[in-house]
file target18.txt (compact mmCIF, C-alpha atoms and all ligand atoms)
# COMPACT_ATOMS: atom_id res chain seq x y z
CA MET A 1 16.37 -21.19 -7.53
CA LYS A 2 13.82 -23.38 -5.76
CA THR A 3 11.46 -21.69 -3.33
CA VAL A 4 8.16 -22.27 -1.60
CA GLY A 5 5.21 -20.09 -0.74
CA TYR A 6 1.46 -20.01 -0.48
CA ALA A 7 -0.51 -19.65 -3.70
CA ALA A 8 -4.09 -19.35 -4.83
CA HIS A 9 -4.78 -22.18 -7.24
CA SER A 10 -8.13 -20.88 -8.49
CA GLU A 11 -10.75 -18.23 -7.71
CA ASN A 12 -12.27 -18.18 -4.25
CA THR A 13 -10.29 -21.12 -2.90
CA GLU A 14 -8.02 -21.13 0.13
CA LEU A 15 -4.31 -20.45 -0.39
CA ALA A 16 -2.16 -23.58 -0.18
CA PRO A 17 1.57 -24.37 -0.17
CA TYR A 18 3.20 -24.10 -3.57
CA HIS A 19 6.74 -25.03 -4.65
CA PHE A 20 8.11 -23.04 -7.57
CA GLU A 21 11.27 -21.57 -9.09
CA ARG A 22 12.67 -18.06 -8.92
CA ARG A 23 14.65 -17.00 -11.97
CA GLU A 24 18.43 -17.27 -12.19
CA LEU A 25 20.06 -13.94 -11.38
CA ARG A 26 20.35 -11.56 -14.28
CA PRO A 27 23.34 -9.17 -14.14
CA ASN A 28 21.29 -6.39 -12.47
CA ASP A 29 19.28 -8.63 -10.12
CA VAL A 30 19.18 -8.93 -6.34
CA ALA A 31 18.10 -12.17 -4.63
CA ILE A 32 16.33 -11.68 -1.32
CA ASP A 33 15.52 -14.02 1.56
CA ILE A 34 12.10 -12.73 2.58
CA THR A 35 11.67 -12.25 6.33
CA TYR A 36 8.28 -10.49 6.47
CA CYS A 37 5.43 -9.85 4.08
CA GLY A 38 2.40 -7.65 4.74
CA VAL A 39 -1.11 -8.74 3.81
CA CYS A 40 -2.86 -6.15 1.65
CA HIS A 41 -6.58 -6.02 0.91
CA SER A 42 -5.70 -6.06 -2.79
CA ASP A 43 -4.04 -9.48 -2.33
CA LEU A 44 -7.43 -10.81 -1.36
CA HIS A 45 -9.25 -9.07 -4.25
CA THR A 46 -6.71 -10.29 -6.77
CA VAL A 47 -6.59 -13.95 -5.76
CA ASN A 48 -10.39 -14.06 -5.57
CA GLY A 49 -10.57 -12.86 -9.17
CA ASP A 50 -12.52 -9.71 -8.18
CA TRP A 51 -10.40 -7.66 -10.58
CA GLY A 52 -10.50 -10.06 -13.49
CA PRO A 53 -9.13 -13.50 -14.38
CA GLN A 54 -5.77 -14.39 -12.86
CA PRO A 55 -2.91 -16.62 -14.03
CA TYR A 56 -3.14 -19.31 -11.33
CA PRO A 57 -1.31 -20.60 -9.40
CA LEU A 58 -0.67 -17.12 -8.02
CA VAL A 59 1.49 -16.15 -5.04
CA PRO A 60 0.32 -12.74 -3.74
CA GLY A 61 2.19 -10.28 -1.51
CA HIS A 62 3.67 -6.84 -2.30
CA GLU A 63 4.82 -5.58 1.08
CA ILE A 64 8.12 -7.42 1.19
CA VAL A 65 11.02 -7.07 3.61
CA GLY A 66 14.12 -9.25 3.63
CA ILE A 67 17.87 -9.74 3.48
CA VAL A 68 19.98 -9.78 0.32
CA SER A 69 21.31 -13.31 -0.30
CA ALA A 70 23.04 -12.79 -3.66
CA VAL A 71 23.59 -10.10 -6.28
CA GLY A 72 24.02 -10.25 -10.05
CA SER A 73 27.38 -9.61 -11.72
CA GLU A 74 26.58 -5.97 -12.53
CA ALA A 75 24.39 -5.08 -9.54
CA SER A 76 26.11 -2.40 -7.48
CA LYS A 77 23.49 -0.89 -5.16
CA TYR A 78 23.33 -3.76 -2.65
CA LYS A 79 25.54 -6.41 -1.13
CA VAL A 80 24.83 -9.71 0.58
CA GLY A 81 23.42 -9.14 4.06
CA ASP A 82 21.79 -5.77 3.35
CA LYS A 83 18.31 -5.16 4.76
CA VAL A 84 16.00 -4.40 1.84
CA ALA A 85 12.39 -4.10 0.75
CA VAL A 86 10.23 -4.54 -2.34
CA GLY A 87 6.83 -2.97 -2.87
CA CYS A 88 4.07 -3.15 -5.46
CA MET A 89 6.22 -3.05 -8.61
CA VAL A 90 9.27 -4.95 -9.78
CA ASP A 91 9.96 -3.41 -13.19
CA SER A 92 9.10 -0.65 -15.66
CA CYS A 93 10.46 0.54 -19.01
CA GLN A 94 13.05 2.84 -17.35
CA GLU A 95 13.04 4.92 -20.52
CA CYS A 96 9.92 7.08 -20.53
CA ASP A 97 9.63 10.54 -18.97
CA HIS A 98 7.63 9.26 -16.00
CA CYS A 99 10.23 6.59 -15.23
CA HIS A 100 12.96 9.25 -15.49
CA ASP A 101 10.99 11.49 -13.13
CA GLY A 102 10.74 8.77 -10.48
CA GLU A 103 7.08 8.09 -11.21
CA GLU A 104 7.57 4.49 -12.34
CA GLN A 105 4.07 3.60 -11.14
CA TYR A 106 2.77 5.71 -14.04
CA CYS A 107 5.26 4.31 -16.60
CA ARG A 108 3.92 5.09 -20.07
CA ASN A 109 4.64 1.51 -21.11
CA GLY A 110 3.07 0.03 -17.99
CA MET A 111 4.96 -0.91 -14.83
CA THR A 112 5.24 -4.56 -13.84
CA PRO A 113 3.33 -5.35 -10.65
CA THR A 114 5.02 -7.63 -8.12
CA TYR A 115 2.71 -10.55 -8.82
CA GLY A 116 0.31 -11.83 -11.43
CA VAL A 117 1.71 -10.35 -14.66
CA PRO A 118 4.25 -11.45 -17.30
CA ASP A 119 7.91 -10.61 -16.68
CA ARG A 120 9.08 -8.05 -19.27
CA GLN A 121 11.86 -10.32 -20.57
CA THR A 122 10.67 -13.90 -20.26
CA GLY A 123 6.90 -13.61 -20.01
CA ASP A 124 6.94 -15.79 -16.89
CA ILE A 125 4.27 -14.73 -14.39
CA THR A 126 5.61 -12.63 -11.51
CA GLN A 127 5.03 -14.13 -8.06
CA GLY A 128 4.83 -12.14 -4.84
CA GLY A 129 6.06 -12.13 -1.30
CA TYR A 130 4.09 -14.91 0.39
CA SER A 131 7.21 -16.96 -0.24
CA LYS A 132 10.69 -17.57 1.11
CA HIS A 133 12.65 -15.88 -1.69
CA ILE A 134 12.32 -13.32 -4.46
CA VAL A 135 14.55 -12.05 -7.26
CA VAL A 136 14.11 -8.41 -8.32
CA ARG A 137 16.13 -6.02 -10.50
CA GLU A 138 18.07 -3.66 -8.25
CA GLU A 139 16.32 -0.49 -9.42
CA PHE A 140 13.15 -1.75 -7.71
CA VAL A 141 14.80 -2.80 -4.46
CA LEU A 142 14.63 -0.35 -1.55
CA ARG A 143 16.98 0.05 1.39
CA ILE A 144 15.69 -0.45 4.94
CA PRO A 145 17.26 2.21 7.18
CA GLU A 146 19.39 0.79 9.99
CA ASN A 147 17.06 1.99 12.77
CA LEU A 148 13.80 0.77 11.20
CA ASP A 149 12.38 -2.38 12.83
CA MET A 150 12.09 -4.89 9.98
CA SER A 151 9.33 -6.86 11.68
CA ARG A 152 6.99 -3.86 11.53
CA ALA A 153 8.12 -2.21 8.30
CA ALA A 154 6.41 -4.33 5.62
CA PRO A 155 3.07 -2.44 5.38
CA ILE A 156 4.97 0.78 4.64
CA LEU A 157 5.59 -0.65 1.16
CA CYS A 158 1.95 -0.49 0.05
CA ALA A 159 -0.38 0.96 2.71
CA GLY A 160 2.30 3.47 3.66
CA ILE A 161 3.29 4.73 0.22
CA THR A 162 -0.31 4.73 -1.04
CA THR A 163 -1.16 7.34 1.59
CA TYR A 164 2.21 9.12 1.80
CA SER A 165 2.32 9.94 -1.91
CA PRO A 166 -0.93 11.97 -1.99
CA LEU A 167 0.04 13.75 1.24
CA ARG A 168 3.25 14.84 -0.54
CA THR A 169 1.56 15.55 -3.90
CA TRP A 170 -0.91 17.92 -2.23
CA LYS A 171 1.85 19.41 -0.07
CA VAL A 172 0.58 18.59 3.39
CA THR A 173 2.61 20.39 6.00
CA LYS A 174 2.35 21.86 9.48
CA GLY A 175 -1.17 23.16 9.99
CA SER A 176 -2.73 21.46 6.97
CA ARG A 177 -6.25 20.20 7.62
CA VAL A 178 -6.53 16.59 6.51
CA GLY A 179 -9.53 14.27 6.55
CA VAL A 180 -9.12 10.50 6.30
CA ILE A 181 -12.17 8.46 5.31
CA GLY A 182 -11.99 5.01 6.85
CA LEU A 183 -9.62 3.77 9.54
CA GLY A 184 -8.45 0.47 8.07
CA GLY A 185 -5.03 -0.62 6.81
CA LEU A 186 -4.65 2.44 4.57
CA GLY A 187 -6.51 4.91 6.78
CA HIS A 188 -4.51 4.32 9.93
CA MET A 189 -1.28 4.91 7.99
CA ALA A 190 -2.71 8.08 6.43
CA VAL A 191 -3.48 9.40 9.92
CA LYS A 192 -0.03 8.59 11.35
CA LEU A 193 1.82 10.06 8.36
CA ALA A 194 -0.26 13.24 8.20
CA VAL A 195 0.13 13.76 11.94
CA ALA A 196 3.91 13.30 11.62
CA MET A 197 3.90 16.00 8.91
CA GLY A 198 2.26 18.38 11.37
CA ALA A 199 -1.27 18.24 9.97
CA GLU A 200 -4.48 18.45 11.98
CA VAL A 201 -6.20 15.17 11.13
CA THR A 202 -9.88 14.21 11.31
CA VAL A 203 -11.04 10.66 10.72
CA ILE A 204 -14.35 10.44 8.86
CA SER A 205 -16.26 7.26 9.60
CA ARG A 206 -19.77 5.84 9.60
CA SER A 207 -19.67 5.51 13.38
CA ASN A 208 -17.50 6.66 16.26
CA ASN A 209 -16.61 3.06 17.21
CA LYS A 210 -12.95 3.69 16.48
CA GLU A 211 -12.68 7.06 18.25
CA THR A 212 -10.22 5.77 20.85
CA GLN A 213 -8.01 4.18 18.19
CA ALA A 214 -8.17 7.34 16.07
CA LYS A 215 -7.07 9.53 18.96
CA GLU A 216 -4.37 7.09 20.04
CA ILE A 217 -2.66 7.49 16.67
CA GLY A 218 -2.91 11.27 16.73
CA ALA A 219 -6.21 12.23 15.08
CA LYS A 220 -8.13 15.01 16.78
CA GLY A 221 -11.32 12.96 16.57
CA ILE A 222 -13.93 11.30 14.41
CA LEU A 223 -16.45 13.07 12.22
CA VAL A 224 -19.42 10.71 11.90
CA SER A 225 -20.58 10.80 8.29
CA SER A 226 -24.18 9.86 9.14
CA ASP A 227 -24.46 12.82 11.55
CA GLN A 228 -25.83 15.45 9.18
CA GLN A 229 -25.52 18.26 11.72
CA ALA A 230 -21.85 17.52 12.35
CA MET A 231 -21.17 17.17 8.61
CA LEU A 232 -22.82 20.55 7.97
CA GLN A 233 -20.78 22.19 10.70
CA ALA A 234 -17.60 20.75 9.19
CA ALA A 235 -18.34 22.16 5.71
CA SER A 236 -15.33 23.84 3.99
CA SER A 237 -13.02 22.85 6.84
CA LEU A 238 -10.50 20.54 5.13
CA ASP A 239 -7.65 21.04 2.64
CA LEU A 240 -7.25 17.41 1.66
CA ILE A 241 -9.31 14.27 2.09
CA ILE A 242 -7.73 10.84 1.67
CA ASP A 243 -10.58 8.49 0.73
CA THR A 244 -9.55 4.91 1.59
CA VAL A 245 -12.97 3.27 1.20
CA PRO A 246 -12.31 0.09 -0.85
CA VAL A 247 -15.83 -0.42 -2.26
CA LYS A 248 -18.38 1.52 -4.33
CA HIS A 249 -19.52 4.52 -2.26
CA ASP A 250 -20.97 8.02 -2.42
CA ILE A 251 -18.36 10.79 -2.41
CA ASN A 252 -21.00 13.54 -2.61
CA ILE A 253 -21.37 13.64 1.16
CA TYR A 254 -17.63 14.31 1.62
CA VAL A 255 -16.89 16.87 -1.12
CA PRO A 256 -18.57 19.81 0.74
CA LEU A 257 -16.11 19.24 3.61
CA LEU A 258 -13.35 20.63 1.37
CA ASP A 259 -12.33 24.27 1.53
CA LEU A 260 -11.64 26.33 -1.63
CA ASP A 261 -9.22 24.43 -3.90
CA GLY A 262 -9.38 21.44 -1.61
CA THR A 263 -8.89 17.94 -3.02
CA LEU A 264 -10.50 14.60 -2.27
CA THR A 265 -8.20 11.86 -3.49
CA ILE A 266 -9.30 8.27 -3.93
CA VAL A 267 -6.79 5.60 -2.97
CA GLY A 268 -9.02 2.67 -2.01
CA GLN A 269 -11.74 1.89 -4.52
CA ILE A 270 -10.71 0.56 -7.93
CA GLY A 271 -14.01 0.63 -9.78
CA PRO A 272 -17.30 2.52 -9.85
CA LEU A 273 -18.56 5.18 -7.43
CA GLU A 274 -22.07 6.44 -6.88
CA GLU A 275 -22.83 9.18 -9.40
CA PRO A 276 -20.89 12.34 -8.48
CA MET A 277 -22.65 15.72 -8.20
CA THR A 278 -20.92 18.68 -9.82
CA LEU A 279 -22.52 21.49 -7.82
CA PRO A 280 -20.26 21.29 -4.73
CA LEU A 281 -17.23 20.93 -7.03
CA VAL A 282 -18.14 24.00 -9.04
CA LEU A 283 -19.21 26.15 -6.10
CA GLY A 284 -16.04 25.56 -4.10
CA ARG A 285 -13.45 25.00 -6.87
CA ARG A 286 -12.99 21.61 -5.28
CA ARG A 287 -11.27 18.66 -6.91
CA VAL A 288 -11.71 14.92 -6.94
CA ALA A 289 -8.55 13.00 -7.79
CA GLY A 290 -6.91 9.60 -7.61
CA SER A 291 -3.44 8.41 -6.65
CA LEU A 292 -1.55 5.14 -7.16
CA ILE A 293 1.17 4.03 -4.70
CA GLY A 294 4.36 6.11 -5.24
CA GLY A 295 7.62 5.99 -7.17
CA ILE A 296 10.81 4.28 -6.02
CA THR A 297 12.52 7.50 -4.89
CA GLU A 298 9.44 8.57 -2.97
CA THR A 299 9.11 5.13 -1.35
CA GLN A 300 12.74 5.31 -0.22
CA GLU A 301 12.04 8.79 1.16
CA LEU A 302 9.09 7.34 3.08
CA LEU A 303 11.21 4.56 4.61
CA GLU A 304 13.66 7.24 5.83
CA PHE A 305 10.73 9.32 7.12
CA CYS A 306 9.34 6.37 9.10
CA ALA A 307 12.78 5.59 10.53
CA GLU A 308 13.33 9.22 11.54
CA HIS A 309 9.92 9.50 13.23
CA GLN A 310 9.94 5.89 14.45
CA LEU A 311 6.55 5.66 12.81
CA TYR A 312 5.21 2.15 12.25
CA PRO A 313 2.08 0.54 10.91
CA GLU A 314 0.00 -1.25 13.54
CA CYS A 315 0.99 -4.84 12.83
CA GLU A 316 -0.37 -8.22 13.87
CA THR A 317 2.25 -10.84 13.11
CA ILE A 318 0.92 -14.15 11.83
CA LYS A 319 2.34 -17.42 10.56
CA MET A 320 2.10 -18.29 6.88
CA GLU A 321 -0.28 -21.12 7.80
CA GLN A 322 -2.75 -18.56 9.26
CA ILE A 323 -3.22 -16.67 6.00
CA ASN A 324 -6.65 -18.05 5.16
CA ASP A 325 -8.00 -16.97 8.56
CA ALA A 326 -6.45 -13.55 8.07
CA PHE A 327 -8.13 -13.24 4.67
CA LYS A 328 -11.48 -14.07 6.27
CA GLN A 329 -11.00 -11.33 8.84
CA LEU A 330 -9.98 -8.87 6.13
CA ALA A 331 -13.04 -9.70 4.07
CA THR A 332 -15.50 -9.21 6.91
CA GLY A 333 -14.17 -6.26 8.89
CA ASP A 334 -12.22 -3.08 8.37
CA LEU A 335 -9.35 -3.66 10.75
CA ALA A 336 -7.29 -0.67 11.89
CA HIS A 337 -4.11 -2.70 11.58
CA ARG A 338 -2.22 -4.83 9.12
CA PHE A 339 -1.42 -8.53 9.19
CA VAL A 340 2.26 -9.27 8.62
CA ILE A 341 3.43 -12.79 7.80
CA ASP A 342 6.61 -13.88 9.57
CA MET A 343 8.30 -15.74 6.73
CA THR A 344 11.24 -16.74 8.94
CA ALA A 345 8.89 -19.11 10.80
CA PHE A 346 7.71 -20.76 7.58
CA GLU A 347 9.23 -24.10 6.58
CA ALA A 348 7.62 -26.33 4.00
ZN ZN B 1 -1.35 -3.34 -1.49
ZN ZN B 2 8.47 3.97 -18.22
call {"tool": "encode", "arguments": {"input": "target18.txt", "output": "structure tokens", "more": "lines below"}}
Ligand SMILES: [Zn+2]
Ligand SMILES: [Zn+2]
result
Amino acid sequence: MKTVGYAAHSENTELAPYHFERRELRPNDVAIDITYCGVCHSDLHTVNGDWGPQPYPLVPGHEIVGIVSAVGSEASKYKVGDKVAVGCMVDSCQECDHCHDGEEQYCRNGMTPTYGVPDRQTGDITQGGYSKHIVVREEFVLRIPENLDMSRAAPILCAGITTYSPLRTWKVTKGSRVGVIGLGGLGHMAVKLAVAMGAEVTVISRSNNKETQAKEIGAKGILVSSDQQAMLQAASSLDLIIDTVPVKHDINIYVPLLDLDGTLTIVGQIGPLEEPMTLPLVLGRRRVAGSLIGGITETQELLEFCAEHQLYPECETIKMEQINDAFKQLATGDLAHRFVIDMTAFEA
């Protein structure tokens, strides 16, 4: 199947139109006409080669929403016309204990990310959602609930599940005290989701520039991390901290904010941190953890949760042709919203 998208053709170059083929439908495949695709900070890191060499040309995008256009001979979950979504993975072994437990992201044989890796069967490089069409095995296709606005749903598939999964893992509920470090694409979703679960949410930031935005989405306020007095007063006051900072940083200033058995979980930075200190961990039986997206069942649960609460990411809709400008903005500022590409407006 012929399709077209925007691809990176080498490191640190602008994305440009790219014509390529999607595979013929396998028996368990679903073909999707993509209507919207979110722009994730990891798209930018990946195409720039920040996380290692890439198989160019590479079409990024793993926050995909669309309409089913065809199904394989044995696919039974979806029919033509269904509203569906695809997130950060498109395959896994489906045989290991983690896959059986709905934790495909931790597949013992390695899950297949949506773009930039060999397909498990053919070895062809997977290509993401900055394109008009995609073909995905039905086990990795999600259903968009009827009352969820498709034009604003895409960022739920990565930013949403990346923050929802740790909130569920650490059992956030009514009255839980949650801190969110950083109010960017991930952070603003963490705040909205935790608030919807009934938590009391504090945004932790280097400045109080985003106080109004934080309060608008339900946080009780901003704790300024450079204000030592305020940080001291807030010691042992949180049950869970979602750390969305996407670069090397110092977690030692945040750990003392956790109460006994509290957890700081890293969801942003993939790479080194400043050297951690053990004393505040030992003294308060505090934990530092990590978390990677969520499984398929949990992602479906999140889509239902967002529909029920009418909870949406803050989206700025752009045209495919504006992607390079959007990348520049992503690289220079931490925006408290997500760019979403309207693929229906893209013809090439
Ligand atoms: Zn992402
Ligand atoms: Zn597996």
call {"tool": "atom_distance", "arguments": {"input": "target18.txt", "atom1": "atom CA of Thr3 of chain A", "atom2": "atom CA of Val141 of chain A"}}
result
19.2 Å
call {"tool": "residues_near_ligand", "arguments": {"input": "target18.txt", "ligand": "ligand ZN 2 (chain B)", "cutoff": "6 Å", "atoms": "all atoms listed in the file", "output": "CSV table (one decimal) with C-alpha atoms, in the coordinates of the input"}}
result
chain,number,residue,atom,x,y,z
A,92,SER,CA,9.1,-0.6,-15.7
A,93,CYS,CA,10.5,0.5,-19.0
A,94,GLN,CA,13.0,2.8,-17.4
A,95,GLU,CA,13.0,4.9,-20.5
A,96,CYS,CA,9.9,7.1,-20.5
A,98,HIS,CA,7.6,9.3,-16.0
A,99,CYS,CA,10.2,6.6,-15.2
A,104,GLU,CA,7.6,4.5,-12.3
A,107,CYS,CA,5.3,4.3,-16.6
A,108,ARG,CA,3.9,5.1,-20.1
A,109,ASN,CA,4.6,1.5,-21.1
call {"tool": "closest_atom_pairs", "arguments": {"input": "target18.txt", "of": "chain A", "to": "ligand ZN 1 (chain B)", "cutoff": "6 Å", "atoms": "all atoms listed in the file", "output": "Markdown table"}}
result
| residue | atom | partner | partner_atom | distance |
| --- | --- | --- | --- | --- |
| A:Cys40 | CA | B:ZN1 | ZN | 4.5 |
| A:Ser42 | CA | B:ZN1 | ZN | 5.3 |
| A:Cys158 | CA | B:ZN1 | ZN | 4.6 |
call {"tool": "atom_distance", "arguments": {"input": "target18.txt", "atom1": "atom CA of His9 of chain A", "atom2": "atom CA of Pro57 of chain A"}}
result
4.4 Å
call {"tool": "closest_residue", "arguments": {"input": "target18.txt", "among": "A:Leu281, A:Ser76, A:Gly184, A:Ile296", "to": "Asp91 of chain A", "atoms": "only C-alpha atoms"}}
result
A:Ile296
call {"tool": "residues_around", "arguments": {"input": "target18.txt", "residues": "Lys215 of chain A", "least_positions_apart": "6", "cutoff": "12 Å", "atoms": "only C-alpha atoms", "output": "list in words"}}
result
Leu183, His188, Val191, Lys192, Val195, Glu200, Val201, Thr202, Val203, Asn208, Asn209, Gly221 and Ile222 of chain A
call {"tool": "closest_residue", "arguments": {"input": "target18.txt", "among": "A:Gln310, A:Ser131, A:Ser236, A:Gln269", "to": "Phe20 of chain A", "atoms": "all atoms listed in the file"}}
result
A:Ser131
call {"tool": "atom_distance", "arguments": {"input": "target18.txt", "atom1": "atom CA of Ala345 of chain A", "atom2": "atom CA of Val80 of chain A"}}
result
21.1 Å
call {"tool": "residues_near_point", "arguments": {"input": "target18.txt", "point": "(19.5, -2.9, -5.6)", "cutoff": "12 Å", "atoms": "all atoms listed in the file", "output": "ChimeraX atom specification"}}
result
/A:27-32,67-72,74-80,82-86,90,135-144,296,300
call {"tool": "residues_around", "arguments": {"input": "target18.txt", "residues": "Pro272 of chain A", "least_positions_apart": "6", "cutoff": "10 Å", "atoms": "only C-alpha atoms", "output": "PyMOL selection string"}}
result
chain A and resi 247-250
call {"tool": "closest_residue", "arguments": {"input": "target18.txt", "among": "A:Glu146, A:Glu316, A:Asp261, A:Asp43", "to": "Leu303 of chain A", "atoms": "all atoms listed in the file"}}
result
A:Glu146
call {"tool": "closest_residue", "arguments": {"input": "target18.txt", "among": "A:Pro280, A:Gly49, A:Gly61, A:Pro246", "to": "Gln127 of chain A", "atoms": "only C-alpha atoms"}}
result
A:Gly61
call {"tool": "closest_residue", "arguments": {"input": "target18.txt", "among": "A:Val178, A:Val282, A:Val172, A:Met231", "to": "Met197 of chain A", "atoms": "only C-alpha atoms"}}
result
A:Val172
call {"tool": "residues_around", "arguments": {"input": "target18.txt", "residues": "Trp170 of chain A", "least_positions_apart": "2", "cutoff": "12 Å", "atoms": "all atoms listed in the file", "output": "PDB file with C-alpha atoms, in the coordinates of the input"}}
result
ATOM      1  CA  THR A 163      -1.160   7.340   1.590  1.00  0.00           C
ATOM      2  CA  TYR A 164       2.210   9.120   1.800  1.00  0.00           C
ATOM      3  CA  SER A 165       2.320   9.940  -1.910  1.00  0.00           C
ATOM      4  CA  PRO A 166      -0.930  11.970  -1.990  1.00  0.00           C
ATOM      5  CA  LEU A 167       0.040  13.750   1.240  1.00  0.00           C
ATOM      6  CA  ARG A 168       3.250  14.840  -0.540  1.00  0.00           C
ATOM      7  CA  VAL A 172       0.580  18.590   3.390  1.00  0.00           C
ATOM      8  CA  THR A 173       2.610  20.390   6.000  1.00  0.00           C
ATOM      9  CA  SER A 176      -2.730  21.460   6.970  1.00  0.00           C
ATOM     10  CA  ARG A 177      -6.250  20.200   7.620  1.00  0.00           C
ATOM     11  CA  VAL A 178      -6.530  16.590   6.510  1.00  0.00           C
ATOM     12  CA  ALA A 194      -0.260  13.240   8.200  1.00  0.00           C
ATOM     13  CA  ASP A 239      -7.650  21.040   2.640  1.00  0.00           C
ATOM     14  CA  LEU A 240      -7.250  17.410   1.660  1.00  0.00           C
ATOM     15  CA  ILE A 241      -9.310  14.270   2.090  1.00  0.00           C
ATOM     16  CA  ILE A 242      -7.730  10.840   1.670  1.00  0.00           C
ATOM     17  CA  ASP A 261      -9.220  24.430  -3.900  1.00  0.00           C
ATOM     18  CA  GLY A 262      -9.380  21.440  -1.610  1.00  0.00           C
ATOM     19  CA  THR A 263      -8.890  17.940  -3.020  1.00  0.00           C
ATOM     20  CA  LEU A 264     -10.500  14.600  -2.270  1.00  0.00           C
ATOM     21  CA  THR A 265      -8.200  11.860  -3.490  1.00  0.00           C
ATOM     22  CA  ARG A 287     -11.270  18.660  -6.910  1.00  0.00           C
ATOM     23  CA  ALA A 289      -8.550  13.000  -7.790  1.00  0.00           C
ATOM     24  CA  GLY A 290      -6.910   9.600  -7.610  1.00  0.00           C
ATOM     25  CA  SER A 291      -3.440   8.410  -6.650  1.00  0.00           C
TER      26      SER A 291
END
call {"tool": "residues_around", "arguments": {"input": "target18.txt", "residues": "Tyr18 of chain A", "least_positions_apart": "5", "cutoff": "8 Å", "atoms": "only C-alpha atoms", "output": "PyMOL selection string"}}
result
chain A and resi 4-7
call {"tool": "closest_residue", "arguments": {"input": "target18.txt", "among": "A:Ala348, A:Ala326, A:Ile161, A:Val47", "to": "Ile293 of chain A", "atoms": "all atoms listed in the file"}}
result
A:Ile161
call {"tool": "axis_aligned_box", "arguments": {"input": "target18.txt", "around": "segment 256-267 of chain A", "padding_each_side": "4 Å", "output": "AutoDock Vina command-line options"}}
result
--center_x -12.7 --center_y 16.0 --center_z -0.2 --size_x 19.8 --size_y 28.7 --size_z 15.5
call {"tool": "decode", "arguments": {"input": "target18.txt", "residues": "segment 191-207 of chain A", "atoms": "C-alpha atoms", "output": "PDB file, in the first residue's frame"}}
result
ATOM      1  CA  VAL A 191      -1.596  16.794  36.738  1.00  0.00           C
ATOM      2  CA  LYS A 192      -4.929  16.337  34.945  1.00  0.00           C
ATOM      3  CA  LEU A 193      -4.982  12.565  35.467  1.00  0.00           C
ATOM      4  CA  ALA A 194      -3.986  12.716  39.139  1.00  0.00           C
ATOM      5  CA  VAL A 195      -6.581  15.412  39.792  1.00  0.00           C
ATOM      6  CA  ALA A 196      -9.243  13.278  38.077  1.00  0.00           C
ATOM      7  CA  MET A 197      -8.279  10.396  40.402  1.00  0.00           C
ATOM      8  CA  GLY A 198      -8.971  12.645  43.373  1.00  0.00           C
ATOM      9  CA  ALA A 199      -5.374  13.411  44.315  1.00  0.00           C
ATOM     10  CA  GLU A 200      -4.073  16.673  45.738  1.00  0.00           C
ATOM     11  CA  VAL A 201      -1.487  17.736  43.163  1.00  0.00           C
ATOM     12  CA  THR A 202       1.503  20.063  43.502  1.00  0.00           C
ATOM     13  CA  VAL A 203       3.565  21.106  40.504  1.00  0.00           C
ATOM     14  CA  ILE A 204       7.282  21.394  41.250  1.00  0.00           C
ATOM     15  CA  SER A 205       9.071  23.815  38.956  1.00  0.00           C
ATOM     16  CA  ARG A 206      12.144  26.029  38.796  1.00  0.00           C
ATOM     17  CA  SER A 207       9.943  29.131  38.758  1.00  0.00           C
TER      18      SER A 207
END
